[in-house]
$ cat upload-v3.json   # JSON, C-alpha atoms
[["chain", "number", "residue", "atom", "x", "y", "z"],
["A", 239, "PHE", "CA", -22.83, 8.04, 2.02],
["A", 240, "MET", "CA", -19.10, 8.09, 1.29],
["A", 241, "THR", "CA", -19.47, 8.82, -2.43],
["A", 242, "SER", "CA", -22.38, 11.25, -1.97],
["A", 243, "PHE", "CA", -21.29, 13.40, 0.98],
["A", 244, "ILE", "CA", -17.79, 12.71, 2.31],
["A", 245, "TYR", "CA", -15.53, 12.26, -0.71],
["A", 246, "PRO", "CA", -17.08, 14.91, -3.04],
["A", 247, "VAL", "CA", -16.62, 17.66, -0.45],
["A", 248, "ILE", "CA", -12.93, 16.81, 0.02],
["A", 249, "VAL", "CA", -12.44, 16.76, -3.75],
["A", 250, "ALA", "CA", -14.15, 20.16, -3.99],
["A", 251, "TRP", "CA", -11.75, 21.54, -1.36],
["A", 252, "THR", "CA", -8.70, 20.23, -3.24],
["A", 253, "TRP", "CA", -8.72, 19.00, -6.84],
["A", 254, "GLY", "CA", -11.86, 21.04, -7.47],
["A", 255, "GLY", "CA", -10.02, 24.33, -6.80],
["A", 256, "GLY", "CA", -11.51, 24.95, -3.35],
["A", 257, "TRP", "CA", -10.09, 26.69, -0.30],
["A", 258, "LEU", "CA", -7.23, 24.24, 0.26],
["A", 259, "SER", "CA", -5.92, 24.96, -3.25],
["A", 260, "LYS", "CA", -5.65, 28.68, -2.44],
["A", 261, "ILE", "CA", -4.82, 28.75, 1.26],
["A", 262, "PHE", "CA", -1.95, 31.11, 2.17],
["A", 263, "GLU", "CA", -1.50, 31.75, -1.57],
["A", 264, "VAL", "CA", 0.52, 28.52, -1.82],
["A", 265, "GLY", "CA", -2.09, 25.77, -1.70],
["A", 266, "TYR", "CA", -1.87, 22.08, -0.96],
["A", 267, "MET", "CA", 0.07, 19.42, -2.90],
["A", 268, "ASP", "CA", -1.47, 15.99, -3.46],
["A", 269, "PHE", "CA", -0.54, 14.79, -6.91],
["A", 270, "ALA", "CA", -2.58, 11.58, -7.04],
["A", 271, "GLY", "CA", -4.44, 11.25, -3.75],
["A", 272, "SER", "CA", -2.55, 10.22, -0.60],
["A", 273, "GLY", "CA", -4.86, 12.57, 1.26],
["A", 274, "VAL", "CA", -7.83, 13.09, -1.04],
["A", 275, "VAL", "CA", -8.36, 9.37, -1.64],
["A", 276, "HIS", "CA", -6.41, 7.25, 0.85],
["A", 277, "LEU", "CA", -6.53, 9.34, 4.03],
["A", 278, "THR", "CA", -10.24, 9.90, 3.47],
["A", 279, "GLY", "CA", -10.91, 6.17, 3.16],
["A", 280, "GLY", "CA", -8.52, 5.22, 5.96],
["A", 281, "VAL", "CA", -10.05, 7.61, 8.48],
["A", 282, "SER", "CA", -13.56, 6.51, 7.56],
["A", 283, "GLY", "CA", -12.57, 2.87, 7.88],
["A", 284, "LEU", "CA", -10.99, 3.50, 11.27],
["A", 285, "ALA", "CA", -14.16, 5.19, 12.50],
["A", 286, "GLY", "CA", -16.16, 2.22, 11.31],
["A", 287, "THR", "CA", -14.02, -0.45, 12.94],
["A", 288, "VAL", "CA", -13.89, 1.44, 16.25],
["A", 289, "ILE", "CA", -17.67, 1.79, 16.37],
["A", 290, "LEU", "CA", -18.28, -1.76, 15.17],
["A", 291, "GLY", "CA", -15.94, -3.31, 17.74],
["A", 292, "PRO", "CA", -13.75, -6.42, 17.38],
["A", 293, "ARG", "CA", -14.98, -9.71, 16.03],
["A", 294, "LYS", "CA", -15.91, -12.28, 18.65],
["A", 295, "GLY", "CA", -12.75, -14.01, 19.86],
["A", 296, "ARG", "CA", -10.44, -11.85, 17.75],
["A", 297, "PHE", "CA", -8.02, -11.05, 20.57],
["A", 298, "SER", "CA", -8.63, -14.07, 22.80],
["A", 299, "ASN", "CA", -8.08, -16.62, 20.01],
["A", 300, "PRO", "CA", -6.06, -14.74, 17.35],
["A", 301, "GLU", "CA", -4.88, -17.94, 15.64],
["A", 302, "GLU", "CA", -8.44, -18.48, 14.37],
["A", 303, "PHE", "CA", -8.29, -15.26, 12.35],
["A", 304, "GLU", "CA", -5.10, -15.80, 10.38],
["A", 305, "CYS", "CA", -5.03, -15.26, 6.62],
["A", 306, "HIS", "CA", -6.26, -18.37, 4.82],
["A", 307, "ASN", "CA", -5.19, -17.71, 1.21],
["A", 308, "LEU", "CA", -1.83, -15.98, 0.86],
["A", 309, "PRO", "CA", -1.51, -16.67, -2.89],
["A", 310, "LEU", "CA", -4.61, -14.55, -3.51],
["A", 311, "VAL", "CA", -3.24, -11.85, -1.18],
["A", 312, "VAL", "CA", -0.02, -11.71, -3.19],
["A", 313, "LEU", "CA", -1.89, -11.75, -6.49],
["A", 314, "GLY", "CA", -4.14, -8.92, -5.34],
["A", 315, "THR", "CA", -1.17, -6.90, -4.14],
["A", 316, "PHE", "CA", 0.59, -7.13, -7.49],
["A", 317, "ALA", "CA", -2.65, -6.27, -9.28],
["A", 318, "LEU", "CA", -2.90, -3.12, -7.16],
["A", 319, "TRP", "CA", 0.77, -2.27, -7.71],
["A", 320, "PHE", "CA", 0.31, -2.62, -11.48],
["A", 321, "GLY", "CA", -2.81, -0.44, -11.34],
["A", 322, "TRP", "CA", -0.91, 2.24, -9.45],
["A", 323, "TYR", "CA", 1.04, 3.00, -12.64],
["A", 324, "GLY", "CA", -2.19, 4.21, -14.14],
["A", 325, "PHE", "CA", -3.16, 5.94, -10.93],
["A", 326, "ASN", "CA", 0.07, 7.93, -10.38],
["A", 327, "PRO", "CA", 1.69, 8.54, -13.80],
["A", 328, "GLY", "CA", -1.80, 8.89, -15.25],
["A", 329, "SER", "CA", -2.39, 11.84, -12.95],
["A", 330, "THR", "CA", -0.11, 13.95, -15.16],
["A", 331, "LEU", "CA", -3.29, 14.08, -17.27],
["A", 332, "THR", "CA", -1.42, 14.96, -20.46],
["A", 333, "MET", "CA", 1.47, 13.86, -22.68],
["A", 334, "LYS", "CA", 1.51, 16.77, -25.10],
["A", 335, "SER", "CA", 5.16, 17.71, -24.50],
["A", 336, "GLY", "CA", 8.50, 16.17, -23.64],
["A", 337, "SER", "CA", 8.42, 17.63, -20.14],
["A", 338, "ASP", "CA", 5.05, 16.00, -19.53],
["A", 339, "GLY", "CA", 6.45, 12.63, -20.57],
["A", 340, "ALA", "CA", 9.54, 13.15, -18.42],
["A", 341, "LEU", "CA", 7.35, 13.97, -15.42],
["A", 342, "ALA", "CA", 5.25, 10.85, -15.95],
["A", 343, "ALA", "CA", 8.44, 8.78, -16.11],
["A", 344, "GLN", "CA", 9.71, 10.39, -12.89],
["A", 345, "VAL", "CA", 6.39, 9.63, -11.22],
["A", 346, "ALA", "CA", 6.61, 5.98, -12.31],
["A", 347, "MET", "CA", 10.15, 5.67, -10.99],
["A", 348, "ASN", "CA", 9.22, 7.25, -7.66],
["A", 349, "THR", "CA", 6.23, 4.93, -7.39],
["A", 350, "THR", "CA", 8.38, 1.86, -7.99],
["A", 351, "LEU", "CA", 11.07, 2.88, -5.50],
["A", 352, "ALA", "CA", 8.65, 3.69, -2.69],
["A", 353, "ALA", "CA", 6.65, 0.48, -3.15],
["A", 354, "ALA", "CA", 9.71, -1.78, -3.20],
["A", 355, "THR", "CA", 11.31, 0.02, -0.26],
["A", 356, "GLY", "CA", 8.12, -0.14, 1.81],
["A", 357, "GLY", "CA", 7.63, -3.84, 1.18],
["A", 358, "ILE", "CA", 11.19, -4.90, 1.95],
["A", 359, "THR", "CA", 11.38, -2.69, 5.04],
["A", 360, "VAL", "CA", 8.18, -4.01, 6.62],
["A", 361, "PHE", "CA", 9.23, -7.57, 5.76],
["A", 362, "MET", "CA", 12.53, -7.03, 7.60],
["A", 363, "LEU", "CA", 10.84, -5.29, 10.52],
["A", 364, "ARG", "CA", 8.41, -8.18, 11.01],
["A", 365, "TYR", "CA", 11.26, -10.68, 10.86],
["A", 366, "PHE", "CA", 13.17, -8.65, 13.46],
["A", 367, "ILE", "CA", 10.10, -8.58, 15.74],
["A", 368, "MET", "CA", 8.67, -12.08, 15.17],
["A", 369, "LYS", "CA", 11.69, -14.03, 13.84],
["A", 370, "LYS", "CA", 9.40, -15.32, 11.09],
["A", 371, "TYR", "CA", 8.95, -14.51, 7.39],
["A", 372, "ASP", "CA", 5.63, -12.69, 7.04],
["A", 373, "VAL", "CA", 4.47, -12.56, 3.42],
["A", 374, "GLY", "CA", 1.28, -10.71, 4.35],
["A", 375, "ALA", "CA", 3.36, -7.98, 5.96],
["A", 376, "LEU", "CA", 5.46, -7.75, 2.78],
["A", 377, "CYS", "CA", 2.27, -7.14, 0.80],
["A", 378, "ASN", "CA", 0.98, -4.50, 3.17],
["A", 379, "GLY", "CA", 4.43, -2.88, 3.19],
["A", 380, "ILE", "CA", 4.25, -2.54, -0.60],
["A", 381, "LEU", "CA", 0.85, -0.88, -0.29],
["A", 382, "ALA", "CA", 2.16, 1.37, 2.51],
["A", 383, "GLY", "CA", 4.95, 2.56, 0.22],
["A", 384, "LEU", "CA", 2.52, 3.14, -2.64],
["A", 385, "VAL", "CA", 0.11, 5.15, -0.49],
["A", 386, "SER", "CA", 2.98, 7.17, 1.00],
["A", 387, "ILE", "CA", 4.36, 8.26, -2.39],
["A", 388, "THR", "CA", 1.03, 9.01, -4.06],
["A", 389, "ALA", "CA", 0.90, 12.65, -2.92],
["A", 390, "GLY", "CA", 4.50, 13.60, -3.66],
["A", 391, "CYS", "CA", 5.35, 11.41, -6.64],
["A", 392, "GLY", "CA", 5.26, 14.44, -8.95],
["A", 393, "ASN", "CA", 7.34, 16.89, -6.93],
["A", 394, "MET", "CA", 10.25, 14.97, -5.43],
["A", 395, "GLU", "CA", 13.42, 13.28, -6.65],
["A", 396, "SER", "CA", 14.04, 9.53, -6.51],
["A", 397, "GLY", "CA", 16.16, 9.63, -3.34],
["A", 398, "SER", "CA", 13.31, 11.34, -1.54],
["A", 399, "ALA", "CA", 10.89, 8.72, -2.88],
["A", 400, "PHE", "CA", 13.11, 6.04, -1.31],
["A", 401, "ALA", "CA", 13.00, 7.93, 2.01],
["A", 402, "THR", "CA", 9.23, 8.35, 1.75],
["A", 403, "GLY", "CA", 8.72, 4.61, 1.29],
["A", 404, "LEU", "CA", 11.17, 3.80, 4.08],
["A", 405, "ILE", "CA", 9.49, 6.08, 6.62],
["A", 406, "GLY", "CA", 6.07, 4.95, 5.40],
["A", 407, "ALA", "CA", 7.02, 1.38, 6.30],
["A", 408, "PHE", "CA", 7.78, 2.41, 9.87],
["A", 409, "VAL", "CA", 4.56, 4.45, 10.01],
["A", 410, "TYR", "CA", 2.57, 1.43, 8.89],
["A", 411, "GLN", "CA", 4.23, -0.97, 11.32],
["A", 412, "ALA", "CA", 3.83, 1.41, 14.26],
["A", 413, "ALA", "CA", 0.16, 2.06, 13.41],
["A", 414, "SER", "CA", -0.56, -1.65, 13.02],
["A", 415, "MET", "CA", 0.99, -2.43, 16.40],
["A", 416, "LEU", "CA", -0.88, 0.49, 17.99],
["A", 417, "LEU", "CA", -4.26, -0.82, 16.80],
["A", 418, "GLN", "CA", -3.41, -4.28, 18.10],
["A", 419, "LYS", "CA", -2.43, -2.77, 21.45],
["A", 420, "LEU", "CA", -5.72, -0.85, 21.64],
["A", 421, "HIS", "CA", -7.70, -3.97, 20.58],
["A", 422, "ILE", "CA", -9.04, -2.20, 17.49],
["A", 423, "ASP", "CA", -9.94, -4.93, 15.02],
["A", 424, "ASP", "CA", -8.93, -3.84, 11.52],
["A", 425, "PRO", "CA", -8.99, -7.16, 9.61],
["A", 426, "VAL", "CA", -6.69, -6.15, 6.73],
["A", 427, "ASP", "CA", -4.84, -3.21, 8.34],
["A", 428, "ALA", "CA", -6.68, -0.82, 6.03],
["A", 429, "SER", "CA", -6.41, 2.20, 8.33],
["A", 430, "PRO", "CA", -2.65, 1.79, 8.99],
["A", 431, "VAL", "CA", -2.02, 1.46, 5.25],
["A", 432, "HIS", "CA", -4.40, 4.07, 3.89],
["A", 433, "GLY", "CA", -5.07, 6.35, 6.85],
["A", 434, "PHE", "CA", -1.74, 6.67, 8.63],
["A", 435, "CYS", "CA", 0.43, 6.29, 5.52],
["A", 436, "GLY", "CA", -1.91, 8.60, 3.62],
["A", 437, "ALA", "CA", -1.33, 11.30, 6.24],
["A", 438, "TRP", "CA", 2.43, 10.70, 6.08],
["A", 439, "GLY", "CA", 2.32, 10.91, 2.27],
["A", 440, "VAL", "CA", 0.68, 14.34, 2.37],
["A", 441, "ILE", "CA", 3.29, 15.64, 4.81],
["A", 442, "ALA", "CA", 6.14, 14.04, 2.82],
["A", 443, "ALA", "CA", 5.00, 15.88, -0.31],
["A", 444, "GLY", "CA", 5.77, 19.14, 1.49],
["A", 445, "LEU", "CA", 8.92, 18.04, 3.27],
["A", 446, "PHE", "CA", 10.65, 16.47, 0.26],
["A", 447, "ASP", "CA", 9.61, 18.95, -2.42],
["A", 448, "TRP", "CA", 12.15, 19.57, -5.22],
["A", 449, "GLY", "CA", 12.56, 23.16, -4.08],
["A", 450, "ARG", "CA", 15.97, 24.28, -2.84],
["A", 451, "GLY", "CA", 15.81, 23.95, 0.96],
["A", 452, "ILE", "CA", 12.64, 25.56, 2.22],
["A", 453, "ASP", "CA", 13.22, 28.71, 0.19],
["A", 454, "ASN", "CA", 11.77, 27.62, -3.15],
["A", 455, "TYR", "CA", 8.80, 25.35, -3.66],
["A", 456, "HIS", "CA", 7.72, 23.41, -6.76],
["A", 457, "GLY", "CA", 4.40, 21.83, -5.78],
["A", 458, "TRP", "CA", 2.19, 21.44, -8.85],
["A", 459, "SER", "CA", 4.78, 23.10, -11.11],
["A", 460, "GLY", "CA", 6.64, 19.84, -11.74],
["A", 461, "PHE", "CA", 10.31, 20.34, -12.54],
["A", 462, "GLY", "CA", 10.00, 24.12, -12.22],
["A", 463, "CYS", "CA", 9.46, 26.34, -9.19],
["A", 464, "MET", "CA", 6.29, 28.20, -8.31],
["A", 465, "GLU", "CA", 6.72, 31.50, -10.12],
["A", 466, "LYS", "CA", 5.94, 35.11, -9.34],
["A", 467, "ASP", "CA", 4.13, 37.37, -11.78],
["A", 468, "ASP", "CA", 7.45, 38.45, -13.30],
["A", 469, "GLY", "CA", 8.48, 34.85, -14.00],
["A", 470, "GLY", "CA", 10.97, 34.52, -11.15],
["A", 471, "CYS", "CA", 10.80, 31.86, -8.45],
["A", 472, "GLN", "CA", 8.76, 32.62, -5.37],
["A", 473, "THR", "CA", 10.99, 32.53, -2.30],
["A", 474, "GLY", "CA", 10.40, 31.85, 1.38],
["A", 475, "ILE", "CA", 7.26, 29.75, 0.83],
["A", 476, "GLY", "CA", 8.59, 26.25, 1.58],
["A", 477, "GLY", "CA", 7.75, 26.44, 5.28],
["A", 478, "THR", "CA", 4.28, 27.78, 4.51],
["A", 479, "ALA", "CA", 3.70, 24.94, 2.07],
["A", 480, "ILE", "CA", 4.60, 22.35, 4.72],
["A", 481, "GLY", "CA", 2.14, 24.01, 7.09],
["A", 482, "VAL", "CA", -0.56, 23.81, 4.44],
["A", 483, "GLN", "CA", 0.02, 20.05, 4.17],
["A", 484, "PHE", "CA", -0.62, 19.65, 7.90],
["A", 485, "ILE", "CA", -3.79, 21.74, 7.61],
["A", 486, "MET", "CA", -4.96, 19.49, 4.78],
["A", 487, "VAL", "CA", -4.45, 16.37, 6.93],
["A", 488, "LEU", "CA", -6.39, 17.89, 9.82],
["A", 489, "ALA", "CA", -9.23, 19.05, 7.56],
["A", 490, "ILE", "CA", -9.66, 15.62, 5.96],
["A", 491, "VAL", "CA", -9.49, 13.80, 9.31],
["A", 492, "ALA", "CA", -12.07, 16.16, 10.80],
["A", 493, "TRP", "CA", -14.52, 15.96, 7.91],
["A", 494, "ALA", "CA", -14.24, 12.27, 7.01],
["A", 495, "GLY", "CA", -13.89, 11.12, 10.62],
["A", 496, "THR", "CA", -16.87, 13.13, 11.89],
["A", 497, "LEU", "CA", -19.29, 12.20, 9.12],
["A", 498, "SER", "CA", -18.21, 8.55, 9.10],
["A", 499, "GLY", "CA", -18.59, 8.41, 12.87],
["A", 500, "ILE", "CA", -22.11, 9.79, 12.60],
["A", 501, "GLY", "CA", -23.02, 7.40, 9.80],
["A", 502, "PHE", "CA", -21.69, 4.28, 11.50],
["A", 503, "SER", "CA", -23.24, 5.31, 14.83],
["A", 504, "LEU", "CA", -26.66, 5.61, 13.23],
["A", 505, "LEU", "CA", -26.25, 2.15, 11.69],
["A", 506, "LYS", "CA", -25.28, 0.74, 15.07],
["A", 507, "ILE", "CA", -28.20, 2.41, 16.86],
["A", 508, "THR", "CA", -30.65, 1.02, 14.31],
["A", 509, "GLY", "CA", -29.15, -2.46, 14.68],
["A", 510, "VAL", "CA", -28.08, -2.95, 11.04],
["A", 511, "LEU", "CA", -24.31, -2.54, 11.43],
["A", 512, "ARG", "CA", -23.52, -6.01, 12.77],
["A", 513, "TYR", "CA", -24.84, -9.56, 12.69],
["A", 514, "GLY", "CA", -25.93, -11.20, 15.93],
["A", 515, "THR", "CA", -23.60, -13.27, 18.10],
["A", 516, "HIS", "CA", -25.13, -16.56, 16.96],
["A", 517, "VAL", "CA", -24.35, -15.69, 13.32],
["A", 518, "GLU", "CA", -20.73, -14.84, 14.21],
["A", 519, "GLU", "CA", -20.34, -18.17, 16.00],
["A", 520, "GLU", "CA", -21.96, -20.18, 13.22],
["A", 521, "GLY", "CA", -20.33, -18.23, 10.41],
["A", 522, "ILE", "CA", -21.92, -16.00, 7.79],
["A", 523, "ASP", "CA", -21.17, -18.48, 4.98],
["A", 524, "SER", "CA", -23.15, -21.29, 6.57],
["A", 525, "HIS", "CA", -25.88, -18.94, 7.78],
["A", 526, "HIS", "CA", -26.51, -16.94, 4.61],
["A", 527, "HIS", "CA", -24.84, -18.64, 1.63],
["A", 528, "SER", "CA", -25.08, -21.77, -0.47],
["A", 529, "PRO", "CA", -22.94, -23.84, -0.50],
["A", 530, "PRO", "CA", -22.41, -23.28, 3.23],
["A", 531, "LYS", "CA", -18.61, -23.10, 3.03],
["A", 532, "ALA", "CA", -16.16, -21.91, 0.43],
["A", 533, "TYR", "CA", -13.09, -23.73, 1.76],
["A", 534, "ALA", "CA", -12.47, -27.22, 3.15],
["A", 535, "LEU", "CA", -11.45, -26.03, 6.58],
["A", 536, "GLY", "CA", -13.53, -28.42, 8.67],
["A", 537, "PRO", "CA", -12.42, -30.89, 11.37],
["A", 538, "GLN", "CA", -11.15, -33.36, 8.74],
["A", 539, "SER", "CA", -8.66, -30.84, 7.35],
["A", 540, "LEU", "CA", -5.10, -31.08, 8.53],
["A", 541, "SER", "CA", -2.63, -28.26, 8.88],
["A", 542, "PRO", "CA", 0.76, -28.63, 7.10],
["A", 543, "SER", "CA", 2.41, -29.37, 10.45],
["A", 544, "LYS", "CA", -0.03, -32.21, 11.15],
["A", 545, "VAL", "CA", 0.44, -33.60, 7.64],
["A", 546, "TYR", "CA", 4.21, -33.60, 8.16],
["A", 547, "ALA", "CA", 3.81, -35.23, 11.60],
["A", 548, "ASN", "CA", 1.65, -37.99, 10.10],
["A", 549, "MET", "CA", 4.18, -38.59, 7.30],
["A", 550, "THR", "CA", 7.12, -38.88, 9.70],
["A", 551, "SER", "CA", 5.23, -41.21, 12.05],
["A", 552, "GLU", "CA", 4.33, -43.50, 9.15],
["A", 553, "GLU", "CA", 7.96, -43.58, 7.98],
["A", 554, "SER", "CA", 9.19, -44.45, 11.47],
["A", 555, "GLU", "CA", 6.84, -47.42, 11.86],
["A", 556, "PRO", "CA", 8.51, -50.82, 11.10],
["A", 557, "SER", "CA", 7.40, -52.49, 7.93],
["A", 558, "THR", "CA", 5.35, -55.68, 8.28],
["A", 559, "THR", "CA", 5.54, -56.62, 4.62],
["A", 560, "VAL", "CA", 7.30, -59.92, 3.88]]
$ encode --input "upload-v3.json" --output "structure tokens"
Amino acid sequence: FMTSFIYPVIVAWTWGGGWLSKIFEVGYMDFAGSGVVHLTGGVSGLAGTVILGPRKGRFSNPEEFECHNLPLVVLGTFALWFGWYGFNPGSTLTMKSGSDGALAAQVAMNTTLAAATGGITVFMLRYFIMKKYDVGALCNGILAGLVSITAGCGNMESGSAFATGLIGAFVYQAASMLLQKLHIDDPVDASPVHGFCGAWGVIAAGLFDWGRGIDNYHGWSGFGCMEKDDGGCQTGIGGTAIGVQFIMVLAIVAWAGTLSGIGFSLLKITGVLRYGTHVEEEGIDSHHHSPPKAYALGPQSLSPSKVYANMTSEESEPSTTV
């Protein structure tokens, strides 16, 4: 449904040369997909998790839903970060000239700065809030920075990329806390990362454009300004371009959110969206898979704190060996 109806229409509106590429004779700016890809997926995911509802016990016993394999989370995050260098610099689509190569290099630098800034900022924010080091938050902060810079990586300078990642970190953290407050169960914070930061990335591409103030605008022109027919820079279009970015966000949210809501609602009505309560209590692994569990997390397993407690109690016991 997503790849047949939702995503192709948004691509047709944007990268396909549709109405958003021509609106107000300025058009949108989304270099590699903060809006086209990430906002679309984030909004659809949010619609799905709202309609599905929280997992049983998610907010009454939150400790039972903590991440159980942080090394794989970190490995996956760095795999995504590495892949982003194909995703963003690769969106230059050509290397036939020196300016093309310079633009790809600028895109790579902006991508790196935003990702690192987003990760460190969220890590510090979580420590300020929780007084604990949260590696999972660091990983999601990196992704938040990457999503935030994806739209504007080809039309802003490095200082603006730093600001984009910094603000994206706050957007992610605020969105994550908002969903928790509303008891919306997003297991991996996909909608805060991709939806909310995707929307911010689209807006940032207009706000931080290379153009001088809001008079000139570069957009898809790379290092150069958008030109008039006589070769001179168009003037007075920066404000219009920012407005177009907001229209793009609203259009994507409306289309992807509406169709996803309809799709997930139909699945819920027909009873195929969610397993029954007994399956949730027993666990899908034990109910549908063989072997019945992938990790040794049964009653015999001990947490690190219990292991440490057992070690210290054994050391404190007097020796009976002669």
$ closest_atom_pairs --input "upload-v3.json" --of "region 408-492 of chain A" --to "region 320-337 of chain A" --cutoff "12 Å" --atoms "all atoms listed in the file" --output "Markdown table"
| residue | atom | partner | partner_atom | distance |
| --- | --- | --- | --- | --- |
| A:Trp458 | CA | A:Thr330 | CA | 10.1 |
| A:Ser459 | CA | A:Thr330 | CA | 11.1 |
| A:Gly460 | CA | A:Ser337 | CA | 8.9 |
| A:Phe461 | CA | A:Ser337 | CA | 8.3 |
| A:Gly462 | CA | A:Ser337 | CA | 10.4 |
$ closest_residue --input "upload-v3.json" --among "A:Val373, A:Val345, A:Leu308, A:Ala353" --to "Glu395 (chain A)" --atoms "all atoms listed in the file"
A:Val345
$ closest_residue --input "upload-v3.json" --among "A:Thr278, A:Ile507, A:Glu263, A:Tyr513" --to "Val249 (chain A)" --atoms "only C-alpha atoms"
A:Thr278
$ residues_around --input "upload-v3.json" --residues "Pro425 (chain A)" --least-positions-apart "3" --cutoff "10 Å" --atoms "all atoms listed in the file" --output "number ranges by chain"
A: 287, 292-293, 296, 303-305, 422, 428-429
$ atom_distance --input "upload-v3.json" --atom1 "CA of Gly521 (chain A)" --atom2 "CA of Asn307 (chain A)"
17.7 Å
$ atom_distance --input "upload-v3.json" --atom1 "CA of Gly314 (chain A)" --atom2 "CA of Cys377 (chain A)"
9.1 Å
$ closest_residue --input "upload-v3.json" --among "A:Ser282, A:Asn454, A:Ser242, A:Gln483" --to "Leu497 (chain A)" --atoms "only C-alpha atoms"
A:Ser282
$ closest_residue --input "upload-v3.json" --among "A:Gly291, A:Gly356, A:Gly273, A:Gly279" --to "Ser503 (chain A)" --atoms "all atoms listed in the file"
A:Gly291
$ residues_around --input "upload-v3.json" --residues "Cys463 (chain A)" --least-positions-apart "5" --cutoff "9 Å" --atoms "only C-alpha atoms" --output "VMD selection string"
chain A and resid 448 to 449 454 to 458 470 to 472
$ residues_around --input "upload-v3.json" --residues "Ala401 (chain A)" --least-positions-apart "3" --cutoff "10 Å" --atoms "only C-alpha atoms" --output "count of residues only"
15
$ atom_distance --input "upload-v3.json" --atom1 "CA of Thr402 (chain A)" --atom2 "CA of Val482 (chain A)"
18.5 Å
$ closest_residue --input "upload-v3.json" --among "A:Pro246, A:Cys391, A:Thr473, A:Gly286" --to "Gly403 (chain A)" --atoms "all atoms listed in the file"
A:Cys391
$ closest_residue --input "upload-v3.json" --among "A:Gly392, A:Gly379, A:Gly509, A:Gly433" --to "Leu488 (chain A)" --atoms "only C-alpha atoms"
A:Gly433
